[in-house]
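Visitor: Sharing upload23.cif, mmCIF, C-alpha atoms and all ligand atoms:
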```cif
data_upload
loop_
_atom_site.group_PDB
_atom_site.id
_atom_site.type_symbol
_atom_site.label_atom_id
_atom_site.label_comp_id
_atom_site.auth_asym_id
_atom_site.auth_seq_id
_atom_site.Cartn_x
_atom_site.Cartn_y
_atom_site.Cartn_z
ATOM 1 C CA MET A 965 0.000 0.000 0.000
ATOM 2 C CA SER A 966 1.467 3.423 -0.958
ATOM 3 C CA THR A 967 2.064 6.126 1.720
ATOM 4 C CA ALA A 968 -0.676 8.329 0.243
ATOM 5 C CA VAL A 969 -3.273 5.513 0.363
ATOM 6 C CA MET A 970 -2.205 4.595 3.917
ATOM 7 C CA SER A 971 -2.478 8.161 5.191
ATOM 8 C CA ARG A 972 -5.924 8.487 3.546
ATOM 9 C CA THR A 973 -7.044 5.249 5.304
ATOM 10 C CA VAL A 974 -5.763 6.532 8.671
ATOM 11 C CA SER A 975 -7.473 9.886 8.181
ATOM 12 C CA ARG A 976 -10.745 8.175 7.163
ATOM 13 C CA ARG A 977 -10.628 5.991 10.297
ATOM 14 C CA TRP A 978 -9.922 9.071 12.404
ATOM 15 C CA TRP A 979 -12.944 10.920 10.936
ATOM 16 C CA TRP A 980 -15.184 7.873 11.548
ATOM 17 C CA PHE A 981 -14.034 7.799 15.152
ATOM 18 C CA LEU A 982 -14.816 11.512 15.552
ATOM 19 C CA TRP A 983 -18.202 11.101 13.849
ATOM 20 C CA GLY A 984 -19.062 8.186 16.196
ATOM 21 C CA LEU A 985 -18.064 10.259 19.209
ATOM 22 C CA VAL A 986 -20.253 13.160 18.029
ATOM 23 C CA ALA A 987 -23.245 10.852 17.399
ATOM 24 C CA VAL A 988 -22.930 9.130 20.807
ATOM 25 C CA LEU A 989 -22.500 12.413 22.720
ATOM 26 C CA ALA A 990 -25.485 13.906 20.870
ATOM 27 C CA LEU A 991 -27.653 10.894 21.720
ATOM 28 C CA VAL A 992 -26.584 10.812 25.380
ATOM 29 C CA THR A 993 -27.188 14.578 25.812
ATOM 30 C CA ALA A 994 -30.647 14.417 24.235
ATOM 31 C CA ALA A 995 -31.545 11.292 26.256
ATOM 32 C CA LEU A 996 -30.453 12.858 29.551
ATOM 33 C CA PHE A 997 -31.710 16.425 29.200
ATOM 34 C CA VAL A 998 -34.858 16.359 27.029
ATOM 35 C CA PRO A 999 -37.129 13.675 28.658
ATOM 36 C CA PRO A 1000 -37.533 15.566 31.987
ATOM 37 C CA TYR A 1001 -39.336 18.288 29.991
ATOM 38 C CA LEU A 1002 -41.756 15.732 28.543
ATOM 39 C CA VAL A 1003 -42.958 14.690 31.997
ATOM 40 C CA GLY A 1004 -43.615 18.042 33.658
ATOM 41 C CA GLY A 1005 -40.050 19.007 34.611
ATOM 42 C CA THR A 1006 -40.552 17.779 38.199
ATOM 43 C CA THR A 1007 -37.041 16.265 38.291
ATOM 44 C CA VAL A 1008 -35.324 19.465 37.045
ATOM 45 C CA PRO A 1009 -33.587 21.154 39.998
ATOM 46 C CA ASN A 1010 -34.390 24.865 40.686
ATOM 47 C CA LEU A 1011 -36.691 25.167 37.668
ATOM 48 C CA ASP A 1012 -38.268 28.634 37.471
ATOM 49 C CA ARG A 1013 -42.028 28.003 37.687
ATOM 50 C CA ILE A 1014 -42.937 31.626 38.412
ATOM 51 C CA THR A 1015 -42.078 33.394 35.129
ATOM 52 C CA PRO A 1016 -45.162 32.990 32.897
ATOM 53 C CA GLY A 1017 -44.593 30.791 29.859
ATOM 54 C CA TYR A 1018 -40.953 30.019 30.747
ATOM 55 C CA TYR A 1019 -41.481 26.290 31.280
ATOM 56 C CA THR A 1020 -43.648 26.015 28.133
ATOM 57 C CA SER A 1021 -40.957 27.794 26.106
ATOM 58 C CA LEU A 1022 -38.368 25.294 27.398
ATOM 59 C CA VAL A 1023 -40.541 22.364 26.297
ATOM 60 C CA ILE A 1024 -41.128 23.865 22.835
ATOM 61 C CA HIS A 1025 -37.385 24.539 22.626
ATOM 62 C CA ALA A 1026 -35.884 21.361 24.091
ATOM 63 C CA VAL A 1027 -37.953 18.759 22.200
ATOM 64 C CA PRO A 1028 -37.221 19.906 18.603
ATOM 65 C CA ALA A 1029 -33.653 20.857 19.636
ATOM 66 C CA GLY A 1030 -33.203 17.252 20.784
ATOM 67 C CA VAL A 1031 -34.563 15.998 17.447
ATOM 68 C CA ALA A 1032 -32.059 18.214 15.571
ATOM 69 C CA LEU A 1033 -29.205 17.038 17.797
ATOM 70 C CA VAL A 1034 -29.957 13.339 17.197
ATOM 71 C CA THR A 1035 -30.836 13.464 13.484
ATOM 72 C CA GLY A 1036 -27.974 15.807 12.458
ATOM 73 C CA PRO A 1037 -25.007 13.385 12.472
ATOM 74 C CA TRP A 1038 -26.729 10.906 10.082
ATOM 75 C CA GLN A 1039 -27.058 13.611 7.442
ATOM 76 C CA PHE A 1040 -23.259 13.699 7.066
ATOM 77 C CA VAL A 1041 -22.852 9.977 6.249
ATOM 78 C CA PRO A 1042 -22.010 9.839 2.491
ATOM 79 C CA LYS A 1043 -23.372 6.283 1.982
ATOM 80 C CA LEU A 1044 -26.763 7.148 3.508
ATOM 81 C CA ARG A 1045 -26.973 10.297 1.377
ATOM 82 C CA THR A 1046 -26.238 8.506 -1.892
ATOM 83 C CA ARG A 1047 -28.209 5.289 -1.206
ATOM 84 C CA TYR A 1048 -31.282 6.925 0.298
ATOM 85 C CA PRO A 1049 -31.522 10.445 -1.128
ATOM 86 C CA ARG A 1050 -35.238 10.733 -0.254
ATOM 87 C CA LEU A 1051 -34.544 9.851 3.392
ATOM 88 C CA HIS A 1052 -31.788 12.495 3.393
ATOM 89 C CA ARG A 1053 -34.251 15.128 2.067
ATOM 90 C CA VAL A 1054 -37.027 14.229 4.538
ATOM 91 C CA THR A 1055 -34.645 14.092 7.539
ATOM 92 C CA GLY A 1056 -33.080 17.355 6.352
ATOM 93 C CA ARG A 1057 -36.484 19.081 6.380
ATOM 94 C CA VAL A 1058 -37.313 17.653 9.824
ATOM 95 C CA TYR A 1059 -33.909 18.891 11.035
ATOM 96 C CA LEU A 1060 -34.367 22.421 9.644
ATOM 97 C CA VAL A 1061 -37.959 22.801 10.933
ATOM 98 C CA SER A 1062 -36.741 21.580 14.356
ATOM 99 C CA VAL A 1063 -33.988 24.216 14.375
ATOM 100 C CA ILE A 1064 -36.479 26.973 13.465
ATOM 101 C CA VAL A 1065 -39.044 25.970 16.137
ATOM 102 C CA ALA A 1066 -36.342 25.486 18.809
ATOM 103 C CA SER A 1067 -34.779 28.889 17.970
ATOM 104 C CA ILE A 1068 -38.084 30.762 18.143
ATOM 105 C CA ALA A 1069 -38.884 29.233 21.536
ATOM 106 C CA ALA A 1070 -35.327 30.001 22.730
ATOM 107 C CA VAL A 1071 -35.918 33.715 21.976
ATOM 108 C CA TYR A 1072 -38.497 33.776 24.782
ATOM 109 C CA SER A 1073 -36.450 31.580 27.170
ATOM 110 C CA SER A 1074 -33.395 33.814 26.606
ATOM 111 C CA ALA A 1075 -35.388 37.011 27.101
ATOM 112 C CA VAL A 1076 -36.820 35.961 30.475
ATOM 113 C CA THR A 1077 -34.029 33.782 31.917
ATOM 114 C CA LYS A 1078 -32.740 34.904 35.315
ATOM 115 C CA SER A 1079 -29.218 33.695 34.436
ATOM 116 C CA GLY A 1080 -27.823 37.143 33.595
ATOM 117 C CA PHE A 1081 -27.077 39.508 30.702
ATOM 118 C CA ALA A 1082 -23.794 37.895 29.556
ATOM 119 C CA LEU A 1083 -25.553 34.547 29.139
ATOM 120 C CA GLN A 1084 -28.489 36.185 27.356
ATOM 121 C CA VAL A 1085 -26.065 37.756 24.831
ATOM 122 C CA ALA A 1086 -24.457 34.339 24.198
ATOM 123 C CA PHE A 1087 -27.888 32.773 23.622
ATOM 124 C CA PHE A 1088 -29.022 35.543 21.255
ATOM 125 C CA VAL A 1089 -25.788 35.273 19.224
ATOM 126 C CA LEU A 1090 -26.373 31.493 19.034
ATOM 127 C CA ILE A 1091 -29.994 31.938 17.942
ATOM 128 C CA VAL A 1092 -29.100 34.390 15.135
ATOM 129 C CA ALA A 1093 -26.199 32.188 13.962
ATOM 130 C CA TRP A 1094 -28.355 29.036 14.180
ATOM 131 C CA LEU A 1095 -31.118 30.556 12.030
ATOM 132 C CA TYR A 1096 -28.738 32.254 9.577
ATOM 133 C CA THR A 1097 -26.708 29.082 8.899
ATOM 134 C CA ALA A 1098 -29.946 27.046 8.553
ATOM 135 C CA ALA A 1099 -31.285 29.548 5.984
ATOM 136 C CA LYS A 1100 -27.987 29.469 4.032
ATOM 137 C CA ALA A 1101 -27.951 25.637 4.097
ATOM 138 C CA TYR A 1102 -31.496 25.548 2.704
ATOM 139 C CA LEU A 1103 -30.984 28.244 0.044
ATOM 140 C CA THR A 1104 -27.733 26.711 -1.231
ATOM 141 C CA ILE A 1105 -29.270 23.281 -1.732
ATOM 142 C CA ARG A 1106 -32.302 24.835 -3.482
ATOM 143 C CA ARG A 1107 -29.758 26.313 -5.923
ATOM 144 C CA ARG A 1108 -28.069 22.868 -6.180
ATOM 145 C CA GLU A 1109 -24.822 24.240 -4.702
ATOM 146 C CA VAL A 1110 -23.941 20.964 -2.990
ATOM 147 C CA GLN A 1111 -20.487 21.870 -1.631
ATOM 148 C CA LEU A 1112 -21.761 25.129 -0.148
ATOM 149 C CA HIS A 1113 -24.771 23.319 1.315
ATOM 150 C CA ARG A 1114 -22.380 20.906 3.048
ATOM 151 C CA ILE A 1115 -20.300 23.758 4.441
ATOM 152 C CA TRP A 1116 -23.375 25.585 5.829
ATOM 153 C CA MET A 1117 -24.734 22.351 7.333
ATOM 154 C CA ILE A 1118 -21.392 21.713 9.062
ATOM 155 C CA ARG A 1119 -21.595 25.247 10.505
ATOM 156 C CA ASN A 1120 -25.213 24.768 11.539
ATOM 157 C CA TYR A 1121 -24.721 21.391 13.205
ATOM 158 C CA THR A 1122 -21.659 22.644 15.066
ATOM 159 C CA LEU A 1123 -23.958 25.262 16.633
ATOM 160 C CA THR A 1124 -26.551 22.583 17.469
ATOM 161 C CA PHE A 1125 -23.700 20.630 19.084
ATOM 162 C CA ALA A 1126 -23.063 23.616 21.402
ATOM 163 C CA ALA A 1127 -25.774 22.009 23.588
ATOM 164 C CA VAL A 1128 -23.343 19.101 24.139
ATOM 165 C CA THR A 1129 -20.122 21.056 24.602
ATOM 166 C CA LEU A 1130 -21.872 23.518 26.966
ATOM 167 C CA ARG A 1131 -22.739 20.638 29.280
ATOM 168 C CA LEU A 1132 -19.241 19.101 28.914
ATOM 169 C CA TYR A 1133 -17.542 22.392 29.882
ATOM 170 C CA GLN A 1134 -19.853 22.589 32.875
ATOM 171 C CA LEU A 1135 -18.506 19.307 34.349
ATOM 172 C CA PRO A 1136 -14.997 20.473 35.409
ATOM 173 C CA LEU A 1137 -16.285 23.968 36.258
ATOM 174 C CA LEU A 1138 -18.985 22.541 38.553
ATOM 175 C CA ALA A 1139 -16.310 20.415 40.254
ATOM 176 C CA LEU A 1140 -14.253 23.604 40.724
ATOM 177 C CA MET A 1141 -17.186 25.235 42.547
ATOM 178 C CA ASP A 1142 -16.550 22.982 45.563
ATOM 179 C CA SER A 1143 -13.077 24.426 46.084
ATOM 180 C CA VAL A 1144 -13.548 28.030 44.845
ATOM 181 C CA ASP A 1145 -15.853 29.962 47.244
ATOM 182 C CA TRP A 1146 -16.668 32.893 44.960
ATOM 183 C CA LEU A 1147 -17.565 30.750 41.937
ATOM 184 C CA GLU A 1148 -21.322 30.554 41.452
ATOM 185 C CA TYR A 1149 -23.476 28.420 39.157
ATOM 186 C CA LYS A 1150 -24.490 31.481 37.110
ATOM 187 C CA GLU A 1151 -20.811 32.104 36.230
ATOM 188 C CA VAL A 1152 -20.188 28.453 35.390
ATOM 189 C CA TYR A 1153 -23.224 28.502 33.070
ATOM 190 C CA THR A 1154 -22.164 31.762 31.355
ATOM 191 C CA VAL A 1155 -18.523 30.734 30.835
ATOM 192 C CA SER A 1156 -19.595 27.321 29.485
ATOM 193 C CA ALA A 1157 -22.063 28.923 27.051
ATOM 194 C CA TRP A 1158 -19.452 31.331 25.633
ATOM 195 C CA LEU A 1159 -16.759 28.624 25.471
ATOM 196 C CA SER A 1160 -19.098 26.260 23.630
ATOM 197 C CA LEU A 1161 -20.176 28.934 21.162
ATOM 198 C CA LEU A 1162 -16.672 30.223 20.334
ATOM 199 C CA GLY A 1163 -14.951 26.840 20.595
ATOM 200 C CA ASN A 1164 -17.418 25.106 18.289
ATOM 201 C CA VAL A 1165 -17.227 27.886 15.679
ATOM 202 C CA LEU A 1166 -13.407 27.639 15.667
ATOM 203 C CA VAL A 1167 -13.505 23.841 15.282
ATOM 204 C CA ALA A 1168 -16.044 24.091 12.431
ATOM 205 C CA GLU A 1169 -14.001 26.677 10.537
ATOM 206 C CA TYR A 1170 -10.803 24.658 11.040
ATOM 207 C CA PHE A 1171 -12.538 21.545 9.725
ATOM 208 C CA ILE A 1172 -14.012 23.380 6.711
ATOM 209 C CA VAL A 1173 -10.712 25.014 5.736
ATOM 210 C CA HIS A 1174 -8.750 21.814 6.300
ATOM 211 C CA ARG A 1175 -11.161 19.538 4.480
ATOM 212 C CA PHE A 1176 -12.384 21.679 1.617
ATOM 213 C CA LEU A 1177 -9.072 23.401 0.881
ATOM 214 C CA ALA A 1178 -7.271 20.044 0.863
ATOM 215 C CA GLN A 1179 -9.968 18.720 -1.470
ATOM 216 C CA GLY A 1180 -9.673 21.909 -3.552
ATOM 217 C CA ARG A 1181 -5.923 21.387 -3.905
ATOM 218 C CA ARG A 1182 -6.673 17.940 -5.352
ATOM 219 C CA GLN A 1183 -9.737 18.821 -7.415
ATOM 220 C CA GLY A 1184 -9.525 22.459 -8.471
ATOM 221 C CA PRO A 1185 -11.247 25.702 -7.384
ATOM 222 C CA VAL A 1186 -12.949 25.977 -3.965
ATOM 223 C CA PRO A 1187 -16.570 27.246 -3.924
ATOM 224 C CA THR A 1188 -17.296 30.804 -2.747
ATOM 225 C CA GLY A 1189 -20.472 32.472 -1.512
HETATM 226 C C1 LIG A 1201 -27.748 26.019 19.506
HETATM 227 C C2 LIG A 1201 -28.777 26.716 19.744
HETATM 228 C C3 LIG A 1201 -29.455 26.736 21.098
HETATM 229 C C4 LIG A 1201 -29.837 27.850 21.770
HETATM 230 C C5 LIG A 1201 -29.661 29.276 21.317
HETATM 231 C C6 LIG A 1201 -30.433 27.429 23.013
HETATM 232 C C7 LIG A 1201 -30.968 28.267 23.966
HETATM 233 C C8 LIG A 1201 -31.475 27.874 25.175
HETATM 234 C C9 LIG A 1201 -31.975 28.742 26.204
HETATM 235 C C10 LIG A 1201 -32.036 30.247 26.103
HETATM 236 C C11 LIG A 1201 -32.369 27.989 27.240
HETATM 237 C C12 LIG A 1201 -32.923 28.490 28.583
HETATM 238 C C13 LIG A 1201 -31.730 28.691 29.521
HETATM 239 C C14 LIG A 1201 -32.051 29.459 30.772
HETATM 240 O O1 LIG A 1201 -33.164 29.876 31.010
HETATM 241 O O2 LIG A 1201 -31.104 29.679 31.548
HETATM 242 C C15 LIG A 1201 -32.137 26.615 26.878
HETATM 243 C C16 LIG A 1201 -32.407 25.532 27.689
HETATM 244 C C17 LIG A 1201 -32.372 24.237 27.259
HETATM 245 N N1 LIG A 1201 -31.931 23.776 26.040
HETATM 246 FE FE1 LIG A 1201 -31.209 24.907 24.571
HETATM 247 N N2 LIG A 1201 -30.413 26.055 23.076
HETATM 248 C C18 LIG A 1201 -29.833 25.588 21.909
HETATM 249 C C19 LIG A 1201 -29.645 24.266 21.558
HETATM 250 C C20 LIG A 1201 -30.151 23.189 22.262
HETATM 251 C C21 LIG A 1201 -30.078 21.818 21.829
HETATM 252 C C22 LIG A 1201 -29.475 21.318 20.519
HETATM 253 C C23 LIG A 1201 -30.649 21.062 22.801
HETATM 254 C C24 LIG A 1201 -30.774 19.568 22.747
HETATM 255 C C25 LIG A 1201 -30.599 18.801 23.749
HETATM 256 C C26 LIG A 1201 -31.096 21.959 23.850
HETATM 257 C C27 LIG A 1201 -31.736 21.581 25.014
HETATM 258 C C28 LIG A 1201 -32.077 22.426 26.036
HETATM 259 C C29 LIG A 1201 -32.645 21.985 27.307
HETATM 260 C C30 LIG A 1201 -32.961 20.554 27.702
HETATM 261 C C31 LIG A 1201 -32.817 23.130 28.067
HETATM 262 C C32 LIG A 1201 -33.360 23.232 29.493
HETATM 263 C C33 LIG A 1201 -32.228 23.496 30.457
HETATM 264 C C34 LIG A 1201 -31.568 22.223 30.900
HETATM 265 O O3 LIG A 1201 -32.249 21.334 31.429
HETATM 266 O O4 LIG A 1201 -30.343 22.101 30.688
HETATM 267 N N3 LIG A 1201 -30.771 23.236 23.474
HETATM 268 N N4 LIG A 1201 -31.589 26.562 25.608
#
```
Represent the structure of the file as structure tokens.
Ligand code: HEM

Guide:
Amino acid sequence: MSTAVMSRTVSRRWWWFLWGLVAVLALVTAALFVPPYLVGGTTVPNLDRITPGYYTSLVIHAVPAGVALVTGPWQFVPKLRTRYPRLHRVTGRVYLVSVIVASIAAVYSSAVTKSGFALQVAFFVLIVAWLYTAAKAYLTIRRREVQLHRIWMIRNYTLTFAAVTLRLYQLPLLALMDSVDWLEYKEVYTVSAWLSLLGNVLVAEYFIVHRFLAQGRRQGPVPTG
């Protein structure tokens, strides 16, 4: 086997590993955090029941957001896309409608949350970016611009995946709260939200540049728009 073929096999295995990790983390996050909102939220600690409509907005947000989180990874599997193009289109529509509904509900949750201004800004940036990238992904595929559609879907799903990374960043920070007196949950939540937003955007852009420029070097011009 030549060195080029070997390095392509290693890189393919590496991307499969990463994809599997993303799919498992997405599934685990949705399975842990969404169901409590389907059964009245009684098991959610310190849930704000006083602000009118807050709980309802969380339900309308969390359920479709969970659907987007779980369906997203399958849309990137090349074999599924080529073998079952109709399934890809239907799942894609379900995914995009889920993102739109979850974003609209999140506008209300973000506006009334008691978690502070810095967190509200992070959520509003996420909502705008989530809707904008979803619109670009849809418009590009309507124009049959497949490469651009892929790029915008990578950007969009990376934002969806912020729900996972936010909760991962919270784990060490929550542990730190035991030993750092002045550290409060509100700060842990805010820092995790900003880290997940900025971190995920950086990873997505790195992946896009790395993957599509490398492909461009092999195949010719890279798409713009
Ligand atoms: C990426 C765009 C997203 C935005 C802008 C967003 C925004 C929000 C906002 C504003 C809240 C209320 C927080 C508060 O009041 O302090 C919230 C809570 C929640 N979100 Fe999202 N969210 C997003 C993605 C997701 C995804 C993909 C899931 C899938 C699991 C999800 C699941 C939840 C759940 C379960 C809650 C309730 C709080 C909890 O139990 O952790 N969100 N989200």

Visitor: Within 8 Å of ligand LIG 1201 (chain A), which residues of chain A come that close, and what is the closest atom pair and distance in Å for each? Count only C-alpha atoms and all ligand atoms and give it as CSV.

Guide:
```
residue,atom,partner,partner_atom,distance
A:Ala990,CA,A:LIG1201,C25,7.6
A:Thr993,CA,A:LIG1201,C25,5.8
A:Ala994,CA,A:LIG1201,C25,4.4
A:Ala995,CA,A:LIG1201,C25,8.0
A:Phe997,CA,A:LIG1201,C30,4.6
A:Val998,CA,A:LIG1201,C30,4.7
A:Pro1000,CA,A:LIG1201,O3,7.8
A:Tyr1001,CA,A:LIG1201,C30,7.1
A:Val1008,CA,A:LIG1201,O3,6.7
A:Tyr1018,CA,A:LIG1201,O1,7.8
A:Leu1022,CA,A:LIG1201,C32,5.8
A:Val1023,CA,A:LIG1201,C32,7.9
A:His1025,CA,A:LIG1201,N1,6.5
A:Ala1026,CA,A:LIG1201,C27,4.3
A:Val1027,CA,A:LIG1201,C24,7.2
A:Pro1028,CA,A:LIG1201,C24,7.7
A:Ala1029,CA,A:LIG1201,C22,4.3
A:Gly1030,CA,A:LIG1201,C24,3.9
A:Val1031,CA,A:LIG1201,C24,7.4
A:Ala1032,CA,A:LIG1201,C22,6.4
A:Leu1033,CA,A:LIG1201,C22,5.1
A:Val1063,CA,A:LIG1201,C2,7.9
A:Ala1066,CA,A:LIG1201,C18,7.2
A:Ser1067,CA,A:LIG1201,C5,6.1
A:Ala1070,CA,A:LIG1201,C10,4.7
A:Val1071,CA,A:LIG1201,C10,6.6
A:Tyr1072,CA,A:LIG1201,C10,7.5
A:Ser1073,CA,A:LIG1201,C10,4.7
A:Ser1074,CA,A:LIG1201,C10,3.9
A:Ala1075,CA,A:LIG1201,C10,7.6
A:Val1076,CA,A:LIG1201,O1,7.1
A:Thr1077,CA,A:LIG1201,O1,4.1
A:Lys1078,CA,A:LIG1201,O1,6.6
A:Ser1079,CA,A:LIG1201,O2,5.3
A:Leu1083,CA,A:LIG1201,O2,7.8
A:Gln1084,CA,A:LIG1201,C10,7.0
A:Ala1086,CA,A:LIG1201,C5,7.8
A:Phe1087,CA,A:LIG1201,C5,4.5
A:Phe1088,CA,A:LIG1201,C5,6.3
A:Val1089,CA,A:LIG1201,C5,7.4
A:Leu1090,CA,A:LIG1201,C5,4.6
A:Ile1091,CA,A:LIG1201,C5,4.3
A:Trp1094,CA,A:LIG1201,C2,6.0
A:Leu1123,CA,A:LIG1201,C1,4.8
A:Thr1124,CA,A:LIG1201,C1,4.2
A:Phe1125,CA,A:LIG1201,C22,6.0
A:Ala1126,CA,A:LIG1201,C1,5.6
A:Ala1127,CA,A:LIG1201,C21,4.7
A:Val1128,CA,A:LIG1201,C25,7.3
A:Arg1131,CA,A:LIG1201,O4,7.9
```

Visitor: In terms of the shortest atom-to-atom distance over all atoms listed in the file, which of A:Leu1135, A:Val1065, A:Val986, A:Leu1044 is closest to Ile1024 (chain A)?

Guide: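 The answer is A:Val1065, which sits nearest to Ile1024 (chain A).
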
Visitor: Name the residues captured by the PyMOL selection byres (((chain A and resi 1137) around 12) and not hetatm) when it is applied to the shown file; answer as a PyMOL selection string.

Guide: chain A and resi 1130-1136+1138-1144+1147-1157+1159

Visitor: Could you jot down the CA of Thr1035 (chain A) to CA of His1052 (chain A) separation for me, Å, one decimal place?

Guide: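 Computing the Euclidean distance for CA of Thr1035 (chain A) and CA of His1052 (chain A) yields 10.2 Å.
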
Visitor: Assuming 4 Å of padding per side, give the centre and edge lengths of the axis-aligned box around every listed atom of region 1139-1143 of chain A, in Å to one decimal and as lines of an AutoDock Vina configuration file.

Guide:
```
center_x = -15.1
center_y = 22.8
center_z = 43.2
size_x = 12.1
size_y = 12.8
size_z = 13.8
```
